[in-house]
Structure formats: C-alpha cells, structure tokens
Amino acid sequence: MDLNAVRTFVAVAETGQFQKAAVDLSLTQQAVSKRVGALEAELGVRLFTRTARGAGLTIDGQAFLPHARALLRAEERAAASVRPGSRALRVDVIGRRVAPAGLLRAFHRAHPGTALDVVTLFDADEAVAAVHSGAIDAAFRAVTMPGRQLPDDVRSVPVFDEPLQLCVGPAHEFATAPSVALPDLTGHRIWMPGNAPGTEWGAYYDDLAAAFGLTVDTIGPNFGVEALLDAIADSTTLVSIFGERTPLVWPAGHDLRRIPLRDPIPVYPHSLVWRADNPHPGLAALRDHLAGLHPKRPDGELWLPSWAESTAPPE
C-alpha cells in the first residue's frame with residue numbers, strides 16, 4: 001500500500017477539505033485528488049463523499065481511518081528504529097563480566113539518555129566484520145590487526161591497558177605472595193580452558209607464554225568461570241590469570257587469592273573499534289567519554305604483544 005496515499009487520505013479526513021490538505025502537504029489539489037483516487041481504486045471502495053462544503057468520510061472511510069493512522073505510526077516507528085540518535089547504540093563487548101563491559105556501564109551512568117544494545121560476539125574478526133558491515137556501531141576488542149590491516153573505513157583507538165592478576169587457591173605456594181614475577185611462573189600449569197584458538201585473547205596468551213616460557217593449558221571442556229574457580233580452589237598446583245577489573249565471585253570456603261603480576265607487568269590491550277562514517281551521536285559521545293577517562297597506567301615496565309595497540313604515549 002502506498003503510504004503517501006494513506007498519509008494524504010488522513011490529511012483530507014482531518015482537514016475535511018482537499019484544498020486544505022493540499023496546502024498542508026505542499027501538493028496541488030489535483031495531486032491530492034489523484035492520490036486519494038488511487039487509494040480508493042486499490043481498496044475498491046469510496047472513502048469520501050464530495051460536497052460543496054468539502055469532503056466527508058463514507059462509512060468505509062470511517063472504518064479505514066484508524067487503521068490508516070496506525071499504518072503511519074508504524075512507519076514512523078520503523079524509521080525511528082534505524083535513525084541515528086533514535087535507535088540504541090549497538091556495542092560489542094568480549095564478555096559481560098570483563099573490563100570493557102565495566103567501561104560501557106560507566107558510560108551509561110554518565111549518559112543515561114543514550115540507549116544501549118550490548119552484544120557479545122565471538123572474537124575480534126567477527127566484531128570487526130560486524131562494524132564494517134554496519135551490524136554494530138562499535139566493539140571493545142584487542143586489535144590484532146591494527147593500522148593497514150583493518151578495513152579502510154574501520155578505525156580503532158586504544159582505551160585501556162588492563163593489568164593481569166594471578167588467581168590461586170589457598171594451598172598454592174603463591175597464596176601468600178604479595179605479587180608474583182612473570183618468570184617465576186615457569187613450570188606452573190596456567191589453566192585457561194576458555195582460550196579458543198584463533199581468537200585475540202588466544203593470540204595474546206600464546207605470545208605471553210612464548211615470551212616468558214610459560215605453560216598455558218587450554219585443555220577443556222570449558223564449563224565457565226565458576227567451574228574453573230572450583231578447580232583452582234581445590235588445587236595446590238593449578239593457577240589461572242584474569243584481568244584486574246574482571247569481577248570474580250566465589251563461595252567463602254574457596255578462599256581464593258588474586259595476586260598482581262610484575263617484572264614486567266602484563267597488560268591486556270582493550271581498544272574501541274568503530275566505522276569512520278557512522279553518524280550515530282551516541283558513538284561520538286562514547287568516544288569522547290573514553291578519551292576523557294585517562295586511566296592510570298601501572299607503575300613499572302609493561303608487557304604487551306608486538307601486535308597490540310597500547311595507550312602508552314609515543315616515545
């Protein structure tokens with residue numbers, strides 16, 4: 001059904017005159033009559049009775065009017081659902097319990113009027129492809145292909161280098177240590193069953209292990225964080241690694257310990273990825289918010305993979 005004809009019908013019904021409707025719609029009276037005539041032909045009924053005083057609705061016109069108004073409201077809702085500034089800002093985070101989700105929650109607290117649609121895509125490749133296609137507005141990711149390897153219309157900027165922490169049970173030899181040097185982890189089994197091959201976090205920990213001769217065990221199955229914490233709590237040998245801002249909750253009896261890593265401090269590089277021509281005002285607000293954070297960098301030497309974007313100032 002031609003929505004322009006429906007809109008014209010509603011205008012005539014509300015003004016009671018073809019001439020007034022033509023003025024309101026910036027059309028000629030002939031164009032208004034033509035649109036209404038085409039709609040009547042399509043419906044197979046007369047919608048108006050023409051009189052010297054104007055146009056009155058027929059019984060069929062009266063029956064059609066509320067549905068015509070509903071069609072126009074539906075058209076407006078459909079347009080608003082994709083109109084920048086009206087639809088929710090669609091942002092991908094690597095997980096809802098890790099640092100980027102916390103950054104996004106802080107943005108929402110600072111900008112409660114910006115509607116958000118939070119999604120969790122699988123890895124950076126999928127997230128970058130979704131940004132490139134317009135399926136999402138932005139993504140928080142560790143960018144393993146910065147610069148020239150990103151699509152031409154996709155941009156990225158580092159927003160937060162997150163220090164990593166060791167997680168051990170109360171019976172582990174590191175349980176009472178105030179911190180642990182990375183080289184001291186050599187020979188220890190670092191269990192991370194969620195490290196999927198081909199992902200950006202898998203690449204990060206592969207490079208970390210290679211750089212310091214560590215053993216990162218990815219043998220599954222991966223039953224989630226809770227099962228991993230259960231295993232660590234009961235073990236004298238298992239350890240795992242989490243981001244400093246990853247909230248972990250465990251039963252009181254587990255008595256787990258989160259211990260900073262040092263010499264050097266490994267940091268996970270979170271970047272924001274977006275499409276350069278995306279006009280959504282919420283995206284501009286998110287970028288401005290992140291640019292103004294200036295999170296404090298840890299004191300001491302940091303370690304990142306050679307491919308990682310970093311918030312470190314240029315030398």
# chains A, B, ... in the order shown; residues from 1 in each chain; ligands from 1

$ select_by_dssp --residues "region 109-300 of chain A" --states "alpha helix (DSSP H)" --output "count of residues only"
45

$ residues_around --residues "region 197-209 of chain A" --least-positions-apart "4" --cutoff "8 Å" --atoms "only C-alpha atoms" --output "PyMOL selection string"
chain A and resi 123-125+141-144+213-216+268+305

$ atom_distance --atom1 "CA of Ser235 (chain A)" --atom2 "CA of His188 (chain A)"
12.1 Å

$ closest_residue --among "A:Ala80, A:Ala22, A:Trp191, A:Val10" --to "Leu47 (chain A)" --atoms "only C-alpha atoms"
A:Val10

$ residues_around --residues "region 53-65 of chain A" --least-positions-apart "3" --cutoff "8 Å" --atoms "only C-alpha atoms" --output "list in words"
Val10, Val12, Ala13, Gly16, Gln17, Phe18, Val45, Arg46, Leu47, Phe48, Thr49, Arg50, Ala68 and Arg69 of chain A

$ closest_atom_pairs --of "region 52-155 of chain A" --to "region 217-225 of chain A" --cutoff "12 Å" --atoms "only C-alpha atoms" --output "Markdown table"
| residue | atom | partner | partner_atom | distance |
| --- | --- | --- | --- | --- |
| A:Gly95 | CA | A:Val225 | CA | 11.7 |
| A:Arg97 | CA | A:Val225 | CA | 10.1 |
| A:Val98 | CA | A:Val225 | CA | 11.6 |

$ write_last_selection --atoms "C-alpha atoms" --output "PDB file, in the first residue's frame"
ATOM      1  CA  GLY A  95      32.104 -10.613  27.728  1.00  0.00           C
ATOM      2  CA  ARG A  97      31.956  -9.723  33.176  1.00  0.00           C
ATOM      3  CA  VAL A  98      35.192  -8.231  31.873  1.00  0.00           C
TER       4      VAL A  98
END

$ select_by_dssp --residues "region 101-175 of chain A" --states "strand (DSSP E or B)" --output "number ranges by chain"
A: 116-119, 138-141, 154-168

$ closest_residue --among "A:Asp152, A:Glu301, A:Glu226, A:Asp92" --to "Leu261 (chain A)" --atoms "only C-alpha atoms"
A:Glu301

$ closest_residue --among "A:Leu25, A:Leu182, A:Ala41, A:Leu72" --to "Leu3 (chain A)" --atoms "only C-alpha atoms"
A:Leu72
